[in-house]
file final.txt (compact mmCIF, C-alpha atoms)
# COMPACT_ATOMS: atom_id res chain seq x y z
CA MET A 110 -12.34 -3.51 7.76
CA ALA A 111 -9.00 -4.95 6.64
CA ASN A 112 -9.03 -7.29 3.68
CA GLN A 113 -6.45 -9.65 5.15
CA SER A 114 -7.15 -11.46 8.43
CA ARG A 115 -4.07 -13.69 8.32
CA PRO A 116 -1.38 -12.74 10.89
CA LYS A 117 0.92 -10.18 9.32
CA VAL A 118 4.17 -11.94 10.24
CA LYS A 119 3.08 -15.26 8.72
CA LYS A 120 1.80 -13.48 5.63
CA SER A 121 5.08 -11.57 5.33
CA ARG A 122 7.08 -14.77 5.44
CA ALA A 123 4.79 -16.52 2.98
CA LEU A 124 5.11 -13.68 0.47
CA GLY A 125 8.79 -12.96 1.08
CA ILE A 126 8.29 -9.31 2.06
CA ALA A 127 7.90 -7.49 5.38
CA LEU A 128 4.41 -5.97 5.40
CA THR A 129 4.81 -4.05 8.68
CA PRO A 130 7.76 -2.63 10.64
CA LYS A 131 7.08 -5.21 13.36
CA ALA A 132 7.38 -8.02 10.81
CA VAL A 133 10.85 -6.93 9.72
CA LYS A 134 12.76 -8.51 12.63
CA TYR A 135 10.76 -11.72 12.43
CA PHE A 136 11.28 -11.89 8.69
CA GLU A 137 15.02 -11.33 9.06
CA ALA A 138 15.23 -14.13 11.64
CA ARG A 139 13.17 -16.57 9.58
CA PRO A 140 13.45 -15.63 5.88
CA TYR A 141 11.50 -18.65 4.70
CA PRO A 142 7.79 -19.51 4.44
CA PRO A 143 5.95 -20.48 7.65
CA GLY A 144 5.13 -24.06 8.57
CA GLU A 145 7.19 -27.21 9.06
CA HIS A 146 7.91 -27.45 5.34
CA GLY A 147 8.78 -23.79 4.94
CA ARG A 148 12.47 -24.48 4.29
CA GLY A 149 11.86 -27.43 1.97
CA ARG A 150 12.53 -27.34 -1.74
CA LYS A 151 9.52 -26.35 -3.80
CA GLN A 152 8.77 -26.57 -7.47
CA ASN A 153 7.48 -23.26 -8.81
CA SER A 154 5.37 -23.30 -11.95
CA ASP A 155 5.09 -20.23 -14.16
CA TYR A 156 1.53 -19.79 -12.91
CA LYS A 157 2.60 -19.95 -9.27
CA VAL A 158 5.36 -17.39 -9.79
CA ARG A 159 2.89 -14.95 -11.36
CA LEU A 160 0.24 -15.64 -8.73
CA LEU A 161 2.74 -14.99 -5.92
CA GLU A 162 3.78 -11.68 -7.47
CA LYS A 163 0.15 -10.61 -7.77
CA GLN A 164 -0.47 -11.56 -4.13
CA ARG A 165 2.62 -9.62 -3.04
CA LEU A 166 1.37 -6.48 -4.74
CA ARG A 167 -2.14 -6.94 -3.32
CA ALA A 168 -0.78 -7.40 0.19
CA GLN A 169 1.32 -4.24 0.10
CA TYR A 170 -1.81 -2.20 -0.58
CA ASP A 171 -4.10 -4.45 1.52
CA ILE A 172 -6.75 -4.65 -1.17
CA SER A 173 -9.22 -7.32 -2.26
CA GLU A 174 -8.92 -9.33 -5.45
CA ARG A 175 -11.89 -7.44 -6.87
CA GLN A 176 -10.21 -4.08 -6.20
CA MET A 177 -7.00 -5.37 -7.77
CA ALA A 178 -8.80 -6.56 -10.90
CA ARG A 179 -10.55 -3.21 -11.27
CA ALA A 180 -7.25 -1.35 -10.96
CA TYR A 181 -5.78 -3.61 -13.64
CA ASP A 182 -8.70 -2.89 -15.97
CA ARG A 183 -8.10 0.85 -15.56
CA ALA A 184 -4.36 0.41 -16.07
CA LYS A 185 -4.94 -1.38 -19.38
CA LYS A 186 -6.60 1.76 -20.72
CA ALA A 187 -3.76 4.06 -19.64
CA GLU A 188 -0.89 5.15 -21.84
CA GLY A 189 2.47 3.45 -21.46
CA LYS A 190 3.26 0.12 -19.84
CA THR A 191 0.28 -1.55 -18.17
CA GLY A 192 2.33 -2.83 -15.23
CA GLU A 193 3.70 0.57 -14.35
CA ALA A 194 0.28 2.14 -14.79
CA LEU A 195 -1.16 -0.47 -12.40
CA VAL A 196 1.28 0.39 -9.61
CA VAL A 197 0.68 4.12 -10.13
CA GLU A 198 -3.07 3.49 -10.03
CA LEU A 199 -2.75 1.72 -6.67
CA GLU A 200 -0.38 4.35 -5.29
CA ARG A 201 -2.99 7.07 -5.86
CA ARG A 202 -5.30 5.42 -3.34
CA LEU A 203 -5.97 7.66 -0.35
CA ASP A 204 -4.84 5.11 2.23
CA ALA A 205 -1.57 4.48 0.36
CA LEU A 206 -0.71 8.18 0.29
CA VAL A 207 -1.61 8.63 3.97
CA LEU A 208 0.98 5.93 4.62
CA ARG A 209 3.64 7.47 2.36
CA SER A 210 3.18 10.87 3.98
CA GLY A 211 4.18 9.55 7.40
CA ILE A 212 0.79 10.22 8.99
CA ALA A 213 0.32 6.46 9.39
CA ARG A 214 2.85 3.75 10.21
CA THR A 215 1.32 0.90 8.19
CA ILE A 216 -1.19 0.51 5.38
CA TYR A 217 -3.56 -1.12 7.88
CA GLN A 218 -3.37 1.90 10.16
CA ALA A 219 -3.83 4.26 7.20
CA ARG A 220 -6.94 2.38 6.11
CA GLN A 221 -8.38 2.61 9.63
CA MET A 222 -7.73 6.35 9.79
CA VAL A 223 -9.64 6.88 6.57
CA VAL A 224 -12.54 4.53 7.41
CA HIS A 225 -13.02 6.17 10.82
CA GLY A 226 -13.43 9.57 9.21
CA HIS A 227 -10.22 11.23 10.40
CA ILE A 228 -9.05 12.29 6.92
CA GLN A 229 -10.29 15.04 4.62
CA VAL A 230 -9.48 15.86 1.01
CA ASN A 231 -9.78 19.45 -0.20
CA GLY A 232 -11.75 20.30 2.95
CA GLY A 233 -14.28 17.48 2.72
CA LYS A 234 -14.33 14.26 4.76
CA VAL A 235 -13.49 11.13 2.79
CA ASP A 236 -13.97 7.73 4.43
CA LYS A 237 -13.19 5.48 1.46
CA PRO A 238 -9.61 4.14 1.42
CA SER A 239 -9.94 3.48 -2.32
CA PHE A 240 -10.55 7.19 -3.06
CA ARG A 241 -8.20 8.14 -5.91
CA VAL A 242 -6.24 11.26 -5.09
CA ARG A 243 -5.54 13.59 -8.01
CA PRO A 244 -2.62 15.98 -8.52
CA ASP A 245 -3.03 19.19 -6.47
CA ASP A 246 -5.45 17.54 -4.03
CA VAL A 247 -4.71 18.54 -0.44
CA VAL A 248 -5.14 15.84 2.19
CA MET A 249 -5.10 16.48 5.93
CA VAL A 250 -6.25 15.16 9.28
CA ARG A 251 -9.58 16.71 10.28
CA GLU A 252 -9.46 19.40 12.93
CA ARG A 253 -11.56 17.38 15.40
CA SER A 254 -9.09 14.46 15.24
CA ARG A 255 -5.76 16.24 15.56
CA ASN A 256 -5.48 16.07 19.34
CA LYS A 257 -5.74 12.29 19.46
CA PRO A 258 -2.52 10.63 20.72
CA LEU A 259 -2.12 8.76 17.43
CA PHE A 260 -1.95 11.96 15.43
CA GLU A 261 0.19 13.74 18.00
CA MET A 262 2.74 10.97 17.50
CA ALA A 263 2.49 11.34 13.73
CA ARG A 264 3.00 15.11 14.04
CA GLU A 265 6.30 14.49 15.82
CA GLY A 266 7.49 12.18 13.05
CA GLY A 267 6.85 8.94 14.92
CA PHE A 268 5.45 7.18 11.87
CA ALA A 269 7.65 8.69 9.18
CA ALA A 270 9.42 6.02 7.13
CA ASP A 271 13.17 5.81 6.98
CA GLY A 272 14.55 7.66 3.99
CA GLU A 273 13.09 10.49 1.95
CA THR A 274 9.44 11.32 1.46
CA PRO A 275 8.43 10.38 -2.11
CA ARG A 276 9.05 13.28 -4.46
CA TYR A 277 5.46 13.31 -5.69
CA LEU A 278 4.26 14.46 -2.24
CA GLN A 279 4.64 17.78 -0.43
CA VAL A 280 4.30 16.92 3.25
CA ASN A 281 3.85 19.14 6.31
CA LEU A 282 3.73 16.74 9.26
CA LYS A 283 3.36 19.54 11.80
CA ALA A 284 0.12 20.47 10.05
CA LEU A 285 -0.74 16.77 9.49
CA ALA A 286 -1.23 17.60 5.82
CA PHE A 287 0.17 16.78 2.40
CA ARG A 288 -0.44 17.51 -1.27
CA LEU A 289 -0.06 15.22 -4.26
CA ASP A 290 2.03 17.35 -6.60
CA ARG A 291 1.83 15.03 -9.60
CA ASP A 292 1.25 11.45 -10.60
CA PRO A 293 4.01 9.21 -9.22
CA ASN A 294 6.59 7.54 -11.45
CA ARG A 295 6.90 3.79 -10.97
CA LYS A 296 10.58 4.00 -9.96
CA GLU A 297 9.66 6.38 -7.14
CA ILE A 298 7.03 4.11 -5.59
CA PRO A 299 8.45 2.05 -2.69
CA VAL A 300 6.73 -1.26 -3.37
CA ILE A 301 8.49 -4.57 -4.02
CA CYS A 302 7.03 -6.04 -7.16
CA ASP A 303 7.80 -7.25 -10.67
CA GLU A 304 4.67 -5.73 -12.13
CA GLN A 305 5.20 -7.38 -15.51
CA LEU A 306 4.53 -10.75 -13.87
CA VAL A 307 1.27 -9.34 -12.48
CA VAL A 308 0.24 -8.23 -15.98
CA GLU A 309 1.06 -11.69 -17.29
CA TYR A 310 -1.07 -13.23 -14.54
CA TYR A 311 -4.15 -11.23 -15.55
CA ALA A 312 -3.48 -11.58 -19.28
CA ARG A 313 -3.29 -15.38 -19.16
call {"tool": "encode", "arguments": {"input": "final.txt", "output": "structure tokens"}}
result
Amino acid sequence: MANQSRPKVKKSRALGIALTPKAVKYFEARPYPPGEHGRGRKQNSDYKVRLLEKQRLRAQYDISERQMARAYDRAKKAEGKTGEALVVELERRLDALVLRSGIARTIYQARQMVVHGHIQVNGGKVDKPSFRVRPDDVVMVRERSRNKPLFEMAREGGFAADGETPRYLQVNLKALAFRLDRDPNRKEIPVICDEQLVVEYYAR
């Protein structure tokens, strides 16, 4: 079940980022928050700026506040900058990597694929989107699911994002499979976020 029930276009406009390919054209046409006061001048407090950035990051991974807080707690214990570690932590989620590989078109679709049991890791079915993929793990669509129209479209590159596949993944779309070669670097992860503001939100 998705964590966000709010219409994706309205949510995209409210957060200032396009959360789905379909939302891109709507966002370009109306690059301001929804509602009759969307284009009005607003006073942004420091708290509101940090809250918005946290919500933007949450929305891009479609996770709950509890999942976000847990990821932050793990990131605090990691070496290096906490903000960068947080984004890397979220990027290692199974549903996020299914999206990056081009097997799914959106994070919502990737989550559904995992929850419905279509994805396996190292030969075993995994139905938890929050499963943390480790380097050298091999992820693929299960044999029984590969003939479904959705995955046939993915095999032909129908869901592949514009631009290059992230360097931390080795992807074989024809086989509907990929491998996480190594932990991602923050600069390689295609999310829009000032993660330092997110750290400041949780550290307040």
call {"tool": "residues_near_point", "arguments": {"input": "final.txt", "point": "(-5.3, 2.4, -6.6)", "cutoff": "10 Å", "atoms": "only C-alpha atoms", "output": "list in words"}}
result
Tyr170, Ile172, Gln176, Met177, Arg179, Ala180, Tyr181, Arg183, Ala184, Ala194, Leu195, Val196, Val197, Glu198, Leu199, Glu200, Arg201, Arg202, Leu203, Asp204, Ala205, Pro238, Ser239, Phe240, Arg241 and Val242 of chain A
call {"tool": "closest_residue", "arguments": {"input": "final.txt", "among": "A:Asn256, A:Ser173, A:Thr129, A:Gln279", "to": "Ala213 (chain A)", "atoms": "all atoms listed in the file"}}
result
A:Thr129
call {"tool": "closest_residue", "arguments": {"input": "final.txt", "among": "A:Leu206, A:Val248, A:Val235, A:Leu124", "to": "Val223 (chain A)", "atoms": "all atoms listed in the file"}}
result
A:Val235
call {"tool": "closest_residue", "arguments": {"input": "final.txt", "among": "A:Ala123, A:Leu259, A:Ile212, A:Ala286", "to": "Glu162 (chain A)", "atoms": "all atoms listed in the file"}}
result
A:Ala123
call {"tool": "closest_residue", "arguments": {"input": "final.txt", "among": "A:Leu278, A:Val250, A:Met262, A:Val224", "to": "Pro293 (chain A)", "atoms": "only C-alpha atoms"}}
result
A:Leu278
call {"tool": "closest_residue", "arguments": {"input": "final.txt", "among": "A:Gln218, A:Ser121, A:Gln169, A:Thr191", "to": "Ala312 (chain A)", "atoms": "all atoms listed in the file"}}
result
A:Thr191
call {"tool": "atom_distance", "arguments": {"input": "final.txt", "atom1": "CA of Ala187 (chain A)", "atom2": "CA of Ile216 (chain A)"}}
result
25.4 Å
call {"tool": "atom_distance", "arguments": {"input": "final.txt", "atom1": "CA of Asn294 (chain A)", "atom2": "CA of Gly189 (chain A)"}}
result
11.6 Å
call {"tool": "residues_near_point", "arguments": {"input": "final.txt", "point": "(-13.2, 4.5, 11.2)", "cutoff": "12 Å", "atoms": "all atoms listed in the file", "output": "PyMOL selection string"}}
result
chain A and resi 110-111+217-228+234-238+254
